[in-house]
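Peer 1: See final-v5.tsv below, with TSV, N, CA and C atoms.
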chain	number	residue	atom	x	y	z
A	1	MET	N	-46.89	3.71	11.90
A	1	MET	CA	-45.55	4.15	12.25
A	1	MET	C	-44.65	4.34	11.04
A	2	LEU	N	-44.97	3.74	9.92
A	2	LEU	CA	-44.14	3.91	8.73
A	2	LEU	C	-44.09	5.36	8.27
A	3	LEU	N	-45.11	6.11	8.60
A	3	LEU	CA	-45.12	7.52	8.20
A	3	LEU	C	-43.97	8.29	8.83
A	4	ILE	N	-43.52	7.88	9.98
A	4	ILE	CA	-42.42	8.58	10.66
A	4	ILE	C	-41.16	8.57	9.80
A	5	ALA	N	-40.99	7.52	9.00
A	5	ALA	CA	-39.81	7.41	8.14
A	5	ALA	C	-40.03	8.07	6.78
A	6	SER	N	-41.16	8.71	6.58
A	6	SER	CA	-41.51	9.27	5.28
A	6	SER	C	-41.44	10.79	5.28
A	7	ASN	N	-41.12	11.33	4.12
A	7	ASN	CA	-41.19	12.77	3.93
A	7	ASN	C	-42.46	13.16	3.16
A	8	TYR	N	-42.94	12.21	2.36
A	8	TYR	CA	-44.10	12.46	1.50
A	8	TYR	C	-45.04	11.27	1.57
A	9	VAL	N	-46.31	11.55	1.31
A	9	VAL	CA	-47.32	10.50	1.24
A	9	VAL	C	-48.11	10.71	-0.04
A	10	LEU	N	-48.30	9.63	-0.76
A	10	LEU	CA	-49.14	9.61	-1.95
A	10	LEU	C	-50.23	8.58	-1.66
A	11	CYS	N	-51.48	9.01	-1.69
A	11	CYS	CA	-52.58	8.13	-1.31
A	11	CYS	C	-53.36	7.64	-2.53
A	12	PRO	N	-53.21	6.37	-2.85
A	12	PRO	CA	-54.06	5.81	-3.91
A	12	PRO	C	-55.44	5.49	-3.35
A	13	THR	N	-56.45	5.64	-4.15
A	13	THR	CA	-57.80	5.29	-3.72
A	13	THR	C	-58.64	4.94	-4.93
A	14	THR	N	-59.52	4.00	-4.74
A	14	THR	CA	-60.53	3.68	-5.75
A	14	THR	C	-61.73	4.57	-5.44
A	15	PRO	N	-62.36	5.16	-6.44
A	15	PRO	CA	-63.49	6.05	-6.14
A	15	PRO	C	-64.77	5.29	-5.77
A	16	GLU	N	-64.66	4.55	-4.67
A	16	GLU	CA	-65.78	3.78	-4.13
A	16	GLU	C	-65.85	4.02	-2.63
A	17	LEU	N	-67.01	3.83	-2.06
A	17	LEU	CA	-67.27	4.21	-0.68
A	17	LEU	C	-66.25	3.66	0.32
A	18	LEU	N	-66.01	2.37	0.32
A	18	LEU	CA	-65.11	1.80	1.32
A	18	LEU	C	-63.68	2.30	1.15
A	19	SER	N	-63.25	2.47	-0.08
A	19	SER	CA	-61.91	2.99	-0.32
A	19	SER	C	-61.80	4.44	0.14
A	20	LEU	N	-62.84	5.22	-0.09
A	20	LEU	CA	-62.83	6.61	0.37
A	20	LEU	C	-62.86	6.70	1.89
A	21	ASP	N	-63.53	5.75	2.54
A	21	ASP	CA	-63.48	5.68	4.00
A	21	ASP	C	-62.05	5.41	4.46
A	22	GLY	N	-61.37	4.50	3.77
A	22	GLY	CA	-59.97	4.21	4.09
A	22	GLY	C	-59.08	5.41	3.88
A	23	LEU	N	-59.36	6.18	2.82
A	23	LEU	CA	-58.61	7.41	2.57
A	23	LEU	C	-58.79	8.39	3.72
A	24	SER	N	-60.01	8.54	4.19
A	24	SER	CA	-60.27	9.44	5.33
A	24	SER	C	-59.49	9.00	6.56
A	25	SER	N	-59.46	7.71	6.82
A	25	SER	CA	-58.70	7.19	7.97
A	25	SER	C	-57.21	7.46	7.80
A	26	SER	N	-56.71	7.23	6.59
A	26	SER	CA	-55.29	7.47	6.32
A	26	SER	C	-54.92	8.93	6.51
A	27	LEU	N	-55.78	9.83	6.04
A	27	LEU	CA	-55.50	11.26	6.18
A	27	LEU	C	-55.58	11.70	7.64
A	28	ALA	N	-56.47	11.10	8.41
A	28	ALA	CA	-56.54	11.41	9.85
A	28	ALA	C	-55.27	10.94	10.54
A	29	HIS	N	-54.79	9.77	10.17
A	29	HIS	CA	-53.54	9.25	10.73
A	29	HIS	C	-52.37	10.16	10.35
A	30	LEU	N	-52.37	10.64	9.11
A	30	LEU	CA	-51.33	11.57	8.65
A	30	LEU	C	-51.34	12.84	9.51
A	31	GLN	N	-52.53	13.37	9.80
A	31	GLN	CA	-52.64	14.57	10.64
A	31	GLN	C	-52.03	14.33	12.03
A	32	ARG	N	-52.32	13.17	12.61
A	32	ARG	CA	-51.76	12.86	13.93
A	32	ARG	C	-50.24	12.73	13.86
A	33	THR	N	-49.73	12.14	12.80
A	33	THR	CA	-48.29	11.94	12.65
A	33	THR	C	-47.58	13.27	12.43
A	34	ARG	N	-48.24	14.22	11.81
A	34	ARG	CA	-47.64	15.52	11.56
A	34	ARG	C	-47.27	16.26	12.84
A	35	LYS	N	-47.85	15.85	13.96
A	35	LYS	CA	-47.48	16.46	15.24
A	35	LYS	C	-46.07	16.05	15.64
A	36	LEU	N	-45.58	14.94	15.09
A	36	LEU	CA	-44.25	14.43	15.40
A	36	LEU	C	-43.22	14.79	14.34
A	37	LYS	N	-43.67	14.94	13.11
A	37	LYS	CA	-42.74	15.13	11.98
A	37	LYS	C	-43.48	15.80	10.83
A	38	THR	N	-42.77	16.62	10.08
A	38	THR	CA	-43.36	17.25	8.90
A	38	THR	C	-43.41	16.23	7.77
A	39	ILE	N	-44.60	15.97	7.30
A	39	ILE	CA	-44.82	15.05	6.18
A	39	ILE	C	-45.76	15.74	5.21
A	40	ASP	N	-45.38	15.77	3.94
A	40	ASP	CA	-46.22	16.42	2.93
A	40	ASP	C	-47.12	15.41	2.23
A	41	LEU	N	-48.38	15.76	2.09
A	41	LEU	CA	-49.29	14.97	1.27
A	41	LEU	C	-49.04	15.39	-0.17
A	42	LEU	N	-48.39	14.51	-0.94
A	42	LEU	CA	-48.13	14.82	-2.34
A	42	LEU	C	-49.44	14.90	-3.11
A	43	GLY	N	-50.26	13.89	-2.92
A	43	GLY	CA	-51.50	13.89	-3.66
A	43	GLY	C	-52.32	12.65	-3.39
A	44	ILE	N	-53.48	12.65	-4.00
A	44	ILE	CA	-54.41	11.53	-3.95
A	44	ILE	C	-54.56	11.04	-5.38
A	45	VAL	N	-54.30	9.76	-5.58
A	45	VAL	CA	-54.35	9.20	-6.93
A	45	VAL	C	-55.53	8.23	-7.04
A	46	PRO	N	-56.59	8.66	-7.72
A	46	PRO	CA	-57.68	7.73	-7.98
A	46	PRO	C	-57.19	6.65	-8.94
A	47	ASN	N	-57.41	5.38	-8.57
A	47	ASN	CA	-56.99	4.31	-9.47
A	47	ASN	C	-58.11	3.30	-9.66
A	48	GLN	N	-57.92	2.44	-10.63
A	48	GLN	CA	-58.95	1.47	-11.03
A	48	GLN	C	-60.26	2.21	-11.36
A	49	VAL	N	-60.10	3.35	-12.02
A	49	VAL	CA	-61.24	4.24	-12.27
A	49	VAL	C	-62.00	3.81	-13.52
A	50	ARG	N	-63.30	3.70	-13.33
A	50	ARG	CA	-64.23	3.49	-14.44
A	50	ARG	C	-65.11	4.74	-14.50
A	51	ALA	N	-64.60	5.76	-15.16
A	51	ALA	CA	-65.24	7.08	-15.15
A	51	ALA	C	-66.63	7.08	-15.77
A	52	GLN	N	-66.95	6.06	-16.57
A	52	GLN	CA	-68.27	6.01	-17.20
A	52	GLN	C	-69.36	5.54	-16.24
A	53	THR	N	-68.96	5.06	-15.04
A	53	THR	CA	-69.97	4.63	-14.07
A	53	THR	C	-70.40	5.82	-13.21
A	54	LEU	N	-71.65	5.82	-12.79
A	54	LEU	CA	-72.16	6.90	-11.96
A	54	LEU	C	-71.41	6.98	-10.63
A	55	GLU	N	-71.16	5.82	-10.02
A	55	GLU	CA	-70.48	5.78	-8.72
A	55	GLU	C	-69.10	6.43	-8.80
A	56	HIS	N	-68.32	6.03	-9.78
A	56	HIS	CA	-66.97	6.58	-9.89
A	56	HIS	C	-67.00	8.05	-10.30
A	57	ALA	N	-67.85	8.40	-11.24
A	57	ALA	CA	-67.94	9.81	-11.67
A	57	ALA	C	-68.33	10.71	-10.49
A	58	HIS	N	-69.32	10.28	-9.72
A	58	HIS	CA	-69.76	11.07	-8.57
A	58	HIS	C	-68.63	11.19	-7.54
A	59	ASN	N	-67.99	10.08	-7.21
A	59	ASN	CA	-66.96	10.11	-6.18
A	59	ASN	C	-65.71	10.86	-6.64
A	60	LEU	N	-65.42	10.86	-7.92
A	60	LEU	CA	-64.32	11.71	-8.42
A	60	LEU	C	-64.66	13.18	-8.22
A	61	GLU	N	-65.92	13.55	-8.48
A	61	GLU	CA	-66.35	14.92	-8.23
A	61	GLU	C	-66.18	15.29	-6.77
A	62	VAL	N	-66.57	14.38	-5.88
A	62	VAL	CA	-66.44	14.62	-4.44
A	62	VAL	C	-64.97	14.80	-4.07
A	63	LEU	N	-64.10	13.94	-4.57
A	63	LEU	CA	-62.66	14.07	-4.29
A	63	LEU	C	-62.14	15.43	-4.73
A	64	HIS	N	-62.49	15.84	-5.95
A	64	HIS	CA	-62.01	17.13	-6.47
A	64	HIS	C	-62.58	18.29	-5.66
A	65	ARG	N	-63.82	18.19	-5.24
A	65	ARG	CA	-64.43	19.25	-4.44
A	65	ARG	C	-63.75	19.35	-3.06
A	66	GLU	N	-63.48	18.20	-2.45
A	66	GLU	CA	-62.90	18.18	-1.11
A	66	GLU	C	-61.41	18.49	-1.07
A	67	PHE	N	-60.67	18.02	-2.08
A	67	PHE	CA	-59.21	18.10	-2.00
A	67	PHE	C	-58.56	18.91	-3.13
A	68	GLY	N	-59.35	19.41	-4.06
A	68	GLY	CA	-58.84	20.30	-5.11
A	68	GLY	C	-57.66	19.73	-5.88
A	69	ASP	N	-56.59	20.53	-5.96
A	69	ASP	CA	-55.44	20.13	-6.77
A	69	ASP	C	-54.60	19.03	-6.15
A	70	LYS	N	-54.97	18.58	-4.96
A	70	LYS	CA	-54.29	17.42	-4.37
A	70	LYS	C	-54.71	16.12	-5.06
A	71	VAL	N	-55.82	16.17	-5.82
A	71	VAL	CA	-56.27	15.00	-6.56
A	71	VAL	C	-55.55	14.98	-7.90
A	72	TRP	N	-54.76	13.96	-8.09
A	72	TRP	CA	-53.98	13.81	-9.32
A	72	TRP	C	-54.80	13.12	-10.40
A	73	ASP	N	-54.22	13.02	-11.59
A	73	ASP	CA	-54.91	12.35	-12.70
A	73	ASP	C	-55.25	10.92	-12.33
A	74	ALA	N	-56.43	10.50	-12.75
A	74	ALA	CA	-56.91	9.16	-12.45
A	74	ALA	C	-56.18	8.12	-13.29
A	75	ILE	N	-55.97	6.95	-12.69
A	75	ILE	CA	-55.42	5.80	-13.41
A	75	ILE	C	-56.62	4.93	-13.77
A	76	PRO	N	-56.91	4.79	-15.06
A	76	PRO	CA	-58.11	4.05	-15.46
A	76	PRO	C	-57.97	2.54	-15.22
A	77	ASP	N	-59.10	1.92	-14.95
A	77	ASP	CA	-59.14	0.47	-14.82
A	77	ASP	C	-58.91	-0.14	-16.20
A	78	SER	N	-58.22	-1.26	-16.23
A	78	SER	CA	-57.95	-1.92	-17.50
A	78	SER	C	-57.61	-3.38	-17.25
A	79	ILE	N	-57.89	-4.20	-18.20
A	79	ILE	CA	-57.57	-5.62	-18.11
A	79	ILE	C	-56.06	-5.86	-18.15
A	80	VAL	N	-55.28	-4.89	-18.65
A	80	VAL	CA	-53.82	-5.12	-18.74
A	80	VAL	C	-53.18	-5.27	-17.36
A	81	TRP	N	-53.77	-4.69	-16.31
A	81	TRP	CA	-53.19	-4.84	-14.97
A	81	TRP	C	-53.18	-6.30	-14.53
A	82	PRO	N	-54.34	-6.99	-14.50
A	82	PRO	CA	-54.29	-8.39	-14.09
A	82	PRO	C	-53.58	-9.29	-15.10
A	83	GLU	N	-53.65	-8.95	-16.38
A	83	GLU	CA	-52.94	-9.76	-17.38
A	83	GLU	C	-51.43	-9.70	-17.14
A	84	ALA	N	-50.89	-8.51	-16.97
A	84	ALA	CA	-49.46	-8.38	-16.71
A	84	ALA	C	-49.08	-9.09	-15.43
A	85	SER	N	-49.93	-8.98	-14.43
A	85	SER	CA	-49.67	-9.64	-13.15
A	85	SER	C	-49.65	-11.16	-13.32
A	86	SER	N	-50.55	-11.70	-14.12
A	86	SER	CA	-50.59	-13.15	-14.31
A	86	SER	C	-49.34	-13.66	-15.02
A	87	PHE	N	-48.71	-12.82	-15.83
A	87	PHE	CA	-47.45	-13.18	-16.48
A	87	PHE	C	-46.23	-12.81	-15.62
A	88	ARG	N	-46.52	-12.18	-14.49
A	88	ARG	CA	-45.48	-11.75	-13.54
A	88	ARG	C	-44.48	-10.79	-14.18
A	89	ILE	N	-45.03	-9.86	-14.95
A	89	ILE	CA	-44.19	-8.81	-15.54
A	89	ILE	C	-44.87	-7.46	-15.33
A	90	ALA	N	-44.08	-6.43	-15.39
A	90	ALA	CA	-44.61	-5.07	-15.23
A	90	ALA	C	-45.49	-4.71	-16.42
A	91	VAL	N	-46.48	-3.90	-16.15
A	91	VAL	CA	-47.37	-3.45	-17.23
A	91	VAL	C	-46.59	-2.69	-18.30
A	92	PHE	N	-45.50	-2.04	-17.88
A	92	PHE	CA	-44.64	-1.32	-18.85
A	92	PHE	C	-44.06	-2.27	-19.88
A	93	THR	N	-43.74	-3.48	-19.45
A	93	THR	CA	-43.18	-4.50	-20.35
A	93	THR	C	-44.28	-5.20	-21.12
A	94	TYR	N	-45.36	-5.52	-20.42
A	94	TYR	CA	-46.46	-6.26	-21.03
A	94	TYR	C	-47.16	-5.45	-22.13
A	95	ALA	N	-47.43	-4.20	-21.86
A	95	ALA	CA	-48.18	-3.35	-22.81
A	95	ALA	C	-47.62	-1.93	-22.76
A	96	PRO	N	-46.40	-1.74	-23.29
A	96	PRO	CA	-45.74	-0.43	-23.14
A	96	PRO	C	-46.48	0.74	-23.79
A	97	ASP	N	-47.28	0.48	-24.81
A	97	ASP	CA	-47.98	1.56	-25.50
A	97	ASP	C	-49.43	1.72	-25.03
A	98	HIS	N	-49.85	0.91	-24.10
A	98	HIS	CA	-51.23	0.96	-23.62
A	98	HIS	C	-51.45	2.20	-22.76
A	99	GLN	N	-52.69	2.66	-22.72
A	99	GLN	CA	-53.05	3.83	-21.90
A	99	GLN	C	-52.67	3.63	-20.44
A	100	ALA	N	-52.75	2.40	-19.95
A	100	ALA	CA	-52.40	2.13	-18.54
A	100	ALA	C	-50.93	2.45	-18.29
A	101	SER	N	-50.07	2.02	-19.19
A	101	SER	CA	-48.63	2.31	-19.04
A	101	SER	C	-48.38	3.81	-19.13
A	102	GLN	N	-49.03	4.46	-20.06
A	102	GLN	CA	-48.86	5.90	-20.23
A	102	GLN	C	-49.33	6.66	-18.99
A	103	SER	N	-50.44	6.22	-18.42
A	103	SER	CA	-50.96	6.87	-17.20
A	103	SER	C	-49.97	6.72	-16.05
A	104	LEU	N	-49.39	5.53	-15.96
A	104	LEU	CA	-48.44	5.30	-14.87
A	104	LEU	C	-47.16	6.09	-15.07
A	105	TRP	N	-46.69	6.23	-16.31
A	105	TRP	CA	-45.51	7.06	-16.56
A	105	TRP	C	-45.78	8.51	-16.19
A	106	LYS	N	-46.99	9.01	-16.48
A	106	LYS	CA	-47.34	10.37	-16.07
A	106	LYS	C	-47.28	10.52	-14.56
A	107	LEU	N	-47.71	9.47	-13.86
A	107	LEU	CA	-47.64	9.49	-12.40
A	107	LEU	C	-46.19	9.55	-11.92
A	108	VAL	N	-45.33	8.74	-12.52
A	108	VAL	CA	-43.91	8.74	-12.16
A	108	VAL	C	-43.31	10.12	-12.39
A	109	GLU	N	-43.62	10.72	-13.54
A	109	GLU	CA	-43.09	12.05	-13.85
A	109	GLU	C	-43.59	13.10	-12.86
A	110	ARG	N	-44.84	12.98	-12.46
A	110	ARG	CA	-45.38	13.95	-11.50
A	110	ARG	C	-44.71	13.79	-10.13
A	111	ILE	N	-44.45	12.55	-9.74
A	111	ILE	CA	-43.76	12.32	-8.48
A	111	ILE	C	-42.37	12.94	-8.53
A	112	GLU	N	-41.66	12.72	-9.63
A	112	GLU	CA	-40.32	13.29	-9.77
A	112	GLU	C	-40.36	14.82	-9.72
A	113	THR	N	-41.35	15.42	-10.36
A	113	THR	CA	-41.49	16.87	-10.36
A	113	THR	C	-41.84	17.39	-8.97
A	114	SER	N	-42.67	16.65	-8.25
A	114	SER	CA	-43.12	17.08	-6.93
A	114	SER	C	-42.10	16.86	-5.84
A	115	CYS	N	-41.15	15.98	-6.07
A	115	CYS	CA	-40.11	15.65	-5.08
A	115	CYS	C	-38.75	15.93	-5.70
A	116	PRO	N	-38.26	17.15	-5.58
A	116	PRO	CA	-37.01	17.52	-6.26
A	116	PRO	C	-35.83	16.63	-5.91
A	117	GLU	N	-35.84	16.04	-4.70
A	117	GLU	CA	-34.70	15.21	-4.33
A	117	GLU	C	-34.70	13.86	-5.06
A	118	LEU	N	-35.80	13.54	-5.72
A	118	LEU	CA	-35.83	12.34	-6.56
A	118	LEU	C	-35.35	12.73	-7.95
A	119	SER	N	-34.48	11.94	-8.49
A	119	SER	CA	-34.00	12.23	-9.85
A	119	SER	C	-34.36	11.08	-10.76
A	120	ALA	N	-34.33	11.35	-12.05
A	120	ALA	CA	-34.63	10.32	-13.03
A	120	ALA	C	-33.67	9.15	-12.90
A	121	LYS	N	-32.43	9.42	-12.54
A	121	LYS	CA	-31.47	8.31	-12.43
A	121	LYS	C	-31.82	7.39	-11.27
A	122	ASN	N	-32.40	7.93	-10.21
A	122	ASN	CA	-32.81	7.08	-9.08
A	122	ASN	C	-33.99	6.19	-9.44
A	123	THR	N	-34.97	6.72	-10.17
A	123	THR	CA	-36.14	5.92	-10.52
A	123	THR	C	-35.84	4.98	-11.67
A	124	SER	N	-34.84	5.27	-12.48
A	124	SER	CA	-34.54	4.36	-13.60
A	124	SER	C	-34.00	3.03	-13.10
A	125	ALA	N	-33.49	3.00	-11.90
A	125	ALA	CA	-33.02	1.73	-11.33
A	125	ALA	C	-34.21	0.85	-10.96
A	126	ILE	N	-35.38	1.46	-10.77
A	126	ILE	CA	-36.57	0.72	-10.35
A	126	ILE	C	-37.43	0.37	-11.55
A	127	LEU	N	-37.59	1.31	-12.47
A	127	LEU	CA	-38.49	1.13	-13.59
A	127	LEU	C	-37.73	0.97	-14.89
A	128	PRO	N	-38.24	0.13	-15.79
A	128	PRO	CA	-37.55	-0.04	-17.08
A	128	PRO	C	-37.69	1.21	-17.94
A	129	SER	N	-36.73	1.42	-18.80
A	129	SER	CA	-36.81	2.61	-19.68
A	129	SER	C	-37.51	2.28	-20.97
Just dump the structure as structure tokens.

Peer 2:
Amino acid sequence: MLLIASNYVLCPTTPELLSLDGLSSSLAHLQRTRKLKTIDLLGIVPNQVRAQTLEHAHNLEVLHREFGDKVWDAIPDSIVWPEASSFRIAVFTYAPDHQASQSLWKLVERIETSCPELSAKNTSAILPS
């Protein structure tokens, strides 16, 4: 029911079988909800990606084949995510120059570009500069 209050949906997924099954279920639910309200699928964001593994590389290919440009840049797996979490601080603060932080900033910028009604001033209240 939360989709009814949404204008856009961004679906994170790990490129693994069970997560992709969950993505399929989420997209089916989105289709049913669209009968009640217009909701745009912004994109699918592969996260916790280990592109050097066969499983992740194969499933990323499948995602791109099935969903094309709806698949956004992957967020790579990194130890900085659990480390920042254990210190109870944002990864932006914990490791601002790390690839993980840079990947997440690219995601924020893409969301802002894809949703014109979102402005940098609105997201700056949520995320540190």

Peer 1: Which residues come within 7 Å of A:Trp72, counting only N, CA and C atoms, excluding same-chain residues fewer than 5 positions away, as a PyMOL selection string?

Peer 2: chain A and resi 43-46

Peer 1: Of the residues A:Gln52, A:Glu16, A:Leu42, A:Lys35, which is the one nearest to A:Ser114, using all atoms listed in the file?

Peer 2: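 Looking only at the distances to A:Ser114, the closest residue turns out to be A:Leu42.
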
Peer 1: I'd like the interatomic distance between atom N of A:Val108 and atom N of A:Phe92, to a tenth of an Å.

Peer 2: 12.0 Å

Peer 1: Residues of chain A in helix (DSSP H, G or I) according to DSSP, as a ChimeraX atom specification?

Peer 2: /A:2-5,17-33,54-70,80-86,91-94,99-114,120-124

Peer 1: Rank nothing, just name the residue among A:Leu17, A:Cys11, A:Leu23, A:Ala28 nearest to A:Asn47, using all atoms listed in the file.

Peer 2: A:Cys11

Peer 1: A:Lys106: which residues within 8 Å, counting all atoms listed in the file, same-chain residues fewer than 6 positions away excluded, as JSON, numbers by chain?

Peer 2: {"A": [73, 100, 112]}

Peer 1: By how many Å are atom CA of A:Gln48 and atom C of A:Ile75 apart?

Peer 2: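 Straight-line distance from atom CA of A:Gln48 to atom C of A:Ile75 works out to 5.0 Å.
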
Peer 1: So how far away is atom C of A:Glu66 from atom CA of A:Gln31, in Å?

Peer 2: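 One can read the atom CA of A:Gln31 to atom C of A:Glu66 distance as 15.1 Å.
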
Peer 1: Could you tell me, as a PyMOL selection string, which residues of chain A DSSP assigns to strand (DSSP E or B) when given the backbone?

Peer 2: chain A and resi 8-13+40-49+71+75-76
